[in-house]
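Student: Mind having a look at this structure? Questions to follow.
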Amino acid sequence: MRTFLVKRPFFLNACLVALTLLLSVAFGSVFIPPKDLLSALLGQISLDQTNATILYEIRLPHTLLIALTGAALATSGAAYQGLFRNPLADPYLIGVASGAGLGAVLVMARNWPATPLGYYAVPAAAFLGALITVAAVYSIARLGKTVPVTTLILAGVALSSFATALSSFFMLYSENELRRALAWLLGGAALSGWPPVIAMLPYVAVGLSVLLLSGHQLNVLQLGEEPAQQLGLPVERVKVLLIVAASLCAAAAVAFSGMIGFIGLIIPHALRLIWGADHRRLLPLSLLGGASALLLADLLARMLFAPEVLPVGILTALAGVPFFLWLLRRAKAQMYW
Amino acid sequence: MLTIRSLVVAYEKNEVLHSVDLDLASGEVLGLIGPNGSGKTSLIRAISGVVKVKQGNIQIDGRDLSTLSENERARLISVVPQSAQLPPAFTVWECAALGRTPHLNWLGQLGAKDDFKIEEALKSCAILGFQERRAGELSGGEQQRVLLARALAQDCPNLLMDEPTAHLDLHHQAALLGLARRMAKEQKLAVLIAMHDLNLAALYADRLALLVDGQIRAIGTPAQVLTTEVLQSAYHVPLHVHPHPQYDVPWVVLPRE
Amino acid sequence: MKFNTLFRTILLITSLLAACGAPTAEPTAASDTSISLTDGLNRTVSLATPAEHVISLAPSNTEILFAIDAGEQVVGRDAASDYPAEALSITDIGDTYAGLNSEIIVSLQPDLVLAAEITPVEYVAELEQLGLTVFWLANPTDLDGLYTNLNIVAQLTGREVEAIALIESLQGRAATVEAALAGVTEKPTVFYELDATDSSAPWTAGGGTFIDLLITKAGGQNAGAVLDGDYAQISIEELLVQNPDVILLGDAAYGVTVESIAARAGWDQLAAVQTGQVFPFDDNLVSRPGPRLIDALEQLVRLLHPDQFN
């Protein structure tokens with residue numbers, strides 16, 4: 001059985017995604033019989049007003065938002081790890097998280113008015129903050145025509161610290177409560193309803209499509225930038241493409257779901273340990289694996305302390321790390337990276 | 001074949017190659033020798049397009065290097081680098097397969113011809129037997145052969161090798177260089193090998209080019225280049241050149257300190 | 001109650017609102033069955049009949065609802081709503097910061113959700129998209145604003161009569177305080193401590209905040225008046241210069257005791273510490289913009305001018 005599953009990674013991961021999607025929709029603070037839910041989704045029956053609202057306006061969009069976020073984070077994490085050839089890379093390495101955090105905190109601290117944009121001021125500012133920071137990191141790290149990977153990382157770390165410091169400053173001296181900003185930074189701020197899902201979808205779709213098609217390019221990059229160039233790869237162009245696509249995914253994820261850590265770092269590693277480092281396979285598997293992992297974490301976050309909701313970011317760290325350590329012990333002693 | 005005229009390469013303000021002229025014909029093995037820091041690696045990097053040429057001209061198979069796209073260049077020149085940076089998790093077959101990149105589309109899909117070339121390359125390097133083993137499990141010599149297989153799979157008429165024997169033990173040194181020479185002769189490849197071991201250079205190269213401080217000091221057959229005066233002035237070591245006891249090539253002997 | 005008083009009260013409130021330009025509540029005649037008011041986000045919220053199933057998203061709203069006898073109409077309240085005691089038995093719908101639970105809110109089938117200034121604006125949009133009616137009650141900036149809010153909530157819940165009685169009573173108590181302080185010239189300086197984890201730079205309420213307002217009304221002078229914002233930091237040196245007469249520990253609920261103050265570096269030099277004028281204070285009274293603000297006022301006067309008011 002185990003060999004069967006190990007040899008069919010896509011089948012296994014697709015099943016996991018389907019399962020976690022169903023569980024996520026089935027469980028919530030209000031009990032709706034799972035049978036009814038399933039029948040309603042299949043179009044066989046229609047639920048009463050309240051339950052219909054809960055299913056179609058709360059649970060379904062939330063589930064999709066979480067699935068998209070998990071997929072975006074894990075795939076961009078895998079891409080970053082391949083691009084930087086560094087096992088510590090995660091989607092937040094070159095400033096997405098800190099930039100998004102700064103944008104979000106700025107808006108929360110200023111408490112923008114409730115115009116139609118105002119309702120989405122926080123995610124819009126977070127998204128812009130993330131992209132602006134990545135662009136700044138990239139232009140700082142550029143030396144003539146090339147962007148050395150090490151310089152990118154250093155510039156990313158430096159600018160991230162700067163943005164984080166600014167965020168802390170604004171949080172401390174804001175007119176409002178700190179706790180809202182804190183909740184956002186812990187990954188407990190997923191917006192609900194359909195508009196965030198629809199707003200997030202194009203960015204994630206574009207980013208993921210590009211990344212999924214770039215598996216071979218990432219494979220070649222593993223040889224080192226010079227050998228890759230000698231094999232005919234337009235290395236600088238590929239790097240820009242990957243950075244833009246991965247940052248787009250990560251920025252959208254952070255903007256609409258808050259800062260959720262560890263998914264982007266650990267899921268690709270776990271998948272790599274089991275199914276190898278060929279990026280043509282690793283990236284789509286990360287997409288599936290990230291979605292199901294975050295769905296599961298989100299489910300636990302919602303159910304453990306109901307009616308209150310634990311920020312997902314806390315759960316991914318608490319649960320993700322021990323799981324990963326267990327996996328590390330079980331894999332071969334030599335890290336296949 | 002390669003034709004290099006008046007090549008000048010500089011890093012920032014620092015010139016590392018001053019007006020180098022070089023010719024390499026198909027089927028020929030040219031040994032590039034010289035002390036460390038003389039510019040051997042820079043020359044290889046310039047020919048493979050990784051480093052910009054400040055002045056001068058490089059022609060590959062009659063075409064100007066500066067007019068070629070990255071892909072076109074990669075179909076004409078393959079490089080075996082000095083040290084392996086093979087992804088440890090990739091199998092030997094997958095590593096060699098990466099050599100086909102210039103012939104593949106963006107997605108890297110392999111066809112029957114690609115599979116054939118990869119298999120041939122692995123066979124030539126005598127590593128077909130362990131194509132499923134992970135690169136991380138291999139010894140230094142085996143890894144070097146994988147690098148060569150990758151370059152052969154790239155199927156280019158010109159092959160550059162940068163100190164390929166640097167980390168190998170004696171048995172593998174001879175095997176690798178012998179293989180490179182065979183490729184040159186059998187498949188009419190133009191092969192340039194940067195080497196630090198003068199005796200190996202004498203044994204396996206048809207011609208030698210001595211590069212010192214970014215300039216070609218001497219170029220010709222081993223007998224012409226490996227003379228006591230030339231080598232002493234290049235390496236600043238009181239060495240002596242004797243006739244090789246077994247083969248018709250010079251034999252460089254280093255004195256005891 | 002006399003019709004005169006009722007009429008004058010409404011007139012007073014309406015004219016004050018017109019003068020201040022605060023969010024206007026168009027007063028409706030008692031016989032009208034439909035209710036239409038503008039909330040703090042400048043949206044017009046309409047109800048066909050007074051709300052019978054209200055969900056309160058803030059402790060201040062819960063207190064207001066119970067104070068105007070609308071407690072029976074409350075079907076859900078946020079996790080922080082702990083006053084009065086009856087509120088605790090109402091369904092918990094989550095915490096403003098940790099997350100309000102939309103599913104439970106929807107399942108309670110409310111006809112009105114009463115949000116407050118601490119409710120994130122995005123959440124209001126979300127609830128509206130789920131088909132709910134949301135009224136966002138802005139924080140008052142002075143006591144008259146408080147009375148306006150009481151009136152608004154009363155209209156939304158059909159408790160106008162009870163609200164008027166409450167407002168009268170509150171106004172009366174405020175007037176009593178004012179009268180007791182007539183002619184009192186000394187204004188003790190008060191330091192209201194919000195947080196002193198870093199005792200060299202504690203947090204207090206700045207000028208223009210409600211705490212500042214109440215301290216002034218209670219015949220005191222807020223040490224933090226020169227600062228800005230709800231949360232302002234003051235250095236211990238500046239505090240030593242101001243040398244407040246009274247220190248109120250608004251963070252007493254977090255375990256800060258009167259005895260622990262003297263142990264802080266430099267704090268034993270403060271006059272208030274040396275004369276024993278350090279008192280714990282229930283911060284909920286001043287931080288929740290509801291009827292208990294008057295309780296806070298009275299407590300403040302008792303502490304600052306014990307001779308005039310007891």
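Labeling convention for the structure tokens: chains A, B, ... as they appear, residues from 1 per chain, ligands from 1 in order of appearance.
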Can you work out which residues from chain C touch chain A at a cut-off of 8 Å (counting only C-alpha atoms) and hand them back as number ranges by chain?

Tutor: C: 41, 92-95, 97-104, 106-107, 109, 121-122, 125-126, 129-130, 229-232

Student: Quick one: residues within 8 Å of Ala297 of chain A, only C-alpha atoms counted, chain neighbours fewer than 5 positions away excluded, as a ChimeraX atom specification?

Tutor: /A:312,315-316

Student: Please report, as a Markdown table, each residue of chain B lying at most 6 Å from chain A, together with the nearest pair of atoms and the separation in Å rounded to one decimal; use only C-alpha atoms, and order rows by chain and ascending residue number.

Tutor:
```
| residue | atom | partner | partner_atom | distance |
| --- | --- | --- | --- | --- |
| B:Glu70 | CA | A:Gly232 | CA | 4.7 |
| B:Asn71 | CA | A:Gly232 | CA | 4.4 |
| B:Ala74 | CA | A:Gly232 | CA | 4.8 |
| B:Gln85 | CA | A:Leu223 | CA | 5.5 |
| B:Leu86 | CA | A:Leu223 | CA | 5.8 |
| B:Ala89 | CA | A:Tyr336 | CA | 4.9 |
| B:Pro102 | CA | A:Gly232 | CA | 5.6 |
| B:Leu107 | CA | A:His216 | CA | 5.6 |
| B:Gly108 | CA | A:His216 | CA | 5.3 |
```

Student: How would the residues just picked look written out with C-alpha atoms as a short mmCIF file (atom, residue, chain, number, x, y, z; two decimals), in the first residue's frame?

Tutor:
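Dumped everything to part-v1.cif:
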```
data_model
loop_
_atom_site.label_atom_id
_atom_site.label_comp_id
_atom_site.auth_asym_id
_atom_site.auth_seq_id
_atom_site.Cartn_x
_atom_site.Cartn_y
_atom_site.Cartn_z
CA GLU B 70 22.76 32.10 -25.74
CA ASN B 71 21.05 29.06 -27.13
CA ALA B 74 25.26 26.50 -26.14
CA GLN B 85 28.06 21.25 -8.57
CA LEU B 86 25.77 18.38 -9.22
CA ALA B 89 19.33 14.34 -5.34
CA PRO B 102 20.04 23.88 -25.51
CA LEU B 107 9.49 22.80 -20.53
CA GLY B 108 12.50 20.58 -21.01
#
```

Student: Go ahead and compute the interatomic distance for atom CA of Leu7 of chain B and atom CA of Leu22 of chain B, in Å to one decimal.

Tutor: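 A separation of 9.0 Å between them.
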
Student: Go through segment 33-129 of chain B and flag each residue having an atom no more than 9 Å from segment 156-171 of chain B; for those, report the closest pair of atoms plus their distance in Å to one decimal, using only C-alpha atoms, ordered by chain and rising number, as CSV.

Tutor:
```
residue,atom,partner,partner_atom,distance
B:Lys40,CA,B:Asp162,CA,7.9
B:Thr41,CA,B:Asp162,CA,6.6
B:Ile44,CA,B:Leu160,CA,6.8
B:Ile47,CA,B:Leu160,CA,8.7
B:Ser48,CA,B:Leu160,CA,8.3
B:Ile60,CA,B:Asn158,CA,8.4
B:Asp61,CA,B:Pro157,CA,8.5
B:Ala74,CA,B:Cys156,CA,7.8
B:Arg75,CA,B:Cys156,CA,5.5
B:Leu76,CA,B:Cys156,CA,4.8
B:Ile77,CA,B:Asn158,CA,4.9
B:Ser78,CA,B:Leu159,CA,5.0
B:Val79,CA,B:Leu160,CA,4.7
B:Val80,CA,B:Met161,CA,4.7
B:Pro81,CA,B:Asp162,CA,5.3
B:Gln82,CA,B:Asp162,CA,5.0
B:Ser83,CA,B:Pro164,CA,7.7
```

Student: Print the selection's residues with N, CA and C atoms to a file, as a compact mmCIF listing (two decimals), in the first residue's frame.

Tutor:
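Result file is result-v4.txt:
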```txt
# COMPACT_ATOMS: atom_id res chain seq x y z
N LYS B 40 43.69 31.06 -17.35
CA LYS B 40 43.14 29.90 -18.06
C LYS B 40 41.63 29.83 -17.93
N THR B 41 41.16 29.96 -16.69
CA THR B 41 39.72 29.88 -16.48
C THR B 41 39.01 31.05 -17.15
N ILE B 44 38.50 30.30 -20.76
CA ILE B 44 37.39 29.37 -20.98
C ILE B 44 36.06 30.08 -20.78
N ILE B 47 35.28 32.22 -23.82
CA ILE B 47 34.85 31.46 -24.99
C ILE B 47 33.43 30.94 -24.80
N SER B 48 33.09 30.54 -23.57
CA SER B 48 31.74 29.99 -23.36
C SER B 48 30.71 31.08 -23.15
N ILE B 60 33.54 30.93 -33.61
CA ILE B 60 33.27 29.53 -33.34
C ILE B 60 32.66 28.92 -34.60
N ASP B 61 33.35 27.96 -35.18
CA ASP B 61 32.87 27.33 -36.42
C ASP B 61 32.54 28.39 -37.46
N ALA B 74 25.25 27.72 -26.93
CA ALA B 74 25.26 26.50 -26.14
C ALA B 74 25.20 25.25 -27.01
N ARG B 75 24.80 25.40 -28.27
CA ARG B 75 24.81 24.24 -29.16
C ARG B 75 26.16 24.05 -29.82
N LEU B 76 27.03 25.05 -29.67
CA LEU B 76 28.33 24.96 -30.30
C LEU B 76 29.44 24.66 -29.31
N ILE B 77 29.27 25.12 -28.10
CA ILE B 77 30.32 24.94 -27.10
C ILE B 77 29.78 24.27 -25.85
N SER B 78 30.44 23.23 -25.39
CA SER B 78 30.08 22.66 -24.10
C SER B 78 31.28 22.77 -23.16
N VAL B 79 31.00 22.86 -21.89
CA VAL B 79 32.05 23.08 -20.90
C VAL B 79 31.98 22.05 -19.80
N VAL B 80 33.14 21.49 -19.46
CA VAL B 80 33.22 20.65 -18.26
C VAL B 80 33.91 21.48 -17.19
N PRO B 81 33.17 21.91 -16.16
CA PRO B 81 33.76 22.82 -15.18
C PRO B 81 34.74 22.12 -14.25
N GLN B 82 35.42 22.94 -13.49
CA GLN B 82 36.48 22.43 -12.63
C GLN B 82 35.95 21.55 -11.52
N SER B 83 34.93 22.00 -10.84
CA SER B 83 34.41 21.17 -9.76
C SER B 83 32.93 20.96 -9.95
```

Student: Taking 2 positions as the minimum chain separation for residues in the same chain, which residues sit within 6 Å of Pro88 of chain B when counting only C-alpha atoms? Answer as a PyMOL selection string.

Tutor: chain B and resi 86+90+135-136

Student: So that I can check the surroundings of Arg150 of chain B, please list as a PyMOL selection string every protein, DNA and RNA residue that reaches within 7 Å of it, counting only C-alpha atoms and ignoring chain neighbours fewer than 6 positions away.

Tutor: chain B and resi 95-99

Student: Write the residues of the selection above to a file with C-alpha atoms, as a compact mmCIF listing (two decimals), in the first residue's frame.

Tutor:
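Output below, filename part-v8.txt:
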```txt
# COMPACT_ATOMS: atom_id res chain seq x y z
CA CYS B 95 22.33 15.11 -14.52
CA ALA B 96 23.50 14.03 -17.95
CA ALA B 97 20.05 14.82 -19.34
CA LEU B 98 20.49 18.46 -18.32
CA GLY B 99 23.15 18.66 -20.99
```

Student: Residues of segment 27-219 of chain B classed as helix (DSSP H, G or I) by DSSP on the backbone are to be reported as an NGL selection string.

Tutor: :B and (40-47 or 65-67 or 70-76 or 92-103 or 112-124 or 128-130 or 135-137 or 140-153 or 170-187 or 198-204)

Student: Tell me which protein, DNA and RNA residues are within 10 Å of segment 129-139 of chain A, counting only C-alpha atoms, leaving out same-chain ones fewer than 6 positions away, and put them as a PyMOL selection string.

Tutor: chain A and resi 92-104+106+123+147-148+151-160+163+240+243-244+247-248+250-252+254-255

Student: Which neighbours of Asp115 of chain B fall inside 12 Å, counting only C-alpha atoms, when residues of the same chain fewer than 2 positions from it are skipped, and could you give them as number ranges by chain?

Tutor: B: 93-94, 96-100, 103-104, 109-113, 117-122, 153-154

Student: Take the selection from the previous step and output its residues with C-alpha atoms, as a CSV table (one decimal), in the first residue's frame.

Tutor:
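Contents of result_4.csv, freshly written:
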```
chain,number,residue,atom,x,y,z
B,93,TRP,CA,20.9,10.0,-15.9
B,94,GLU,CA,19.1,13.2,-14.9
B,96,ALA,CA,23.5,14.0,-17.9
B,97,ALA,CA,20.0,14.8,-19.3
B,98,LEU,CA,20.5,18.5,-18.3
B,99,GLY,CA,23.2,18.7,-21.0
B,100,ARG,CA,20.4,18.5,-23.6
B,103,HIS,CA,18.1,21.4,-27.7
B,104,LEU,CA,15.0,21.4,-25.6
B,109,GLN,CA,10.7,17.7,-22.7
B,110,LEU,CA,12.9,15.0,-23.9
B,111,GLY,CA,12.4,13.1,-27.2
B,112,ALA,CA,13.8,9.9,-28.5
B,113,LYS,CA,16.8,11.6,-30.0
B,117,LYS,CA,22.3,11.1,-27.1
B,118,ILE,CA,22.2,10.8,-23.3
B,119,GLU,CA,22.6,7.1,-23.4
B,120,GLU,CA,25.5,7.4,-25.8
B,121,ALA,CA,27.2,10.0,-23.6
B,122,LEU,CA,26.8,7.8,-20.5
B,153,ALA,CA,25.2,14.9,-24.2
B,154,GLN,CA,25.1,18.5,-25.2
```

Student: Would you list the contacts of Cys249 of chain A as a PyMOL selection string, taking every protein, DNA or RNA residue within 8 Å and counting only C-alpha atoms, but skipping same-chain residues closer than 2 positions in sequence?

Tutor: chain A and resi 72-73+76+203-204+207-208+245-247+251-253
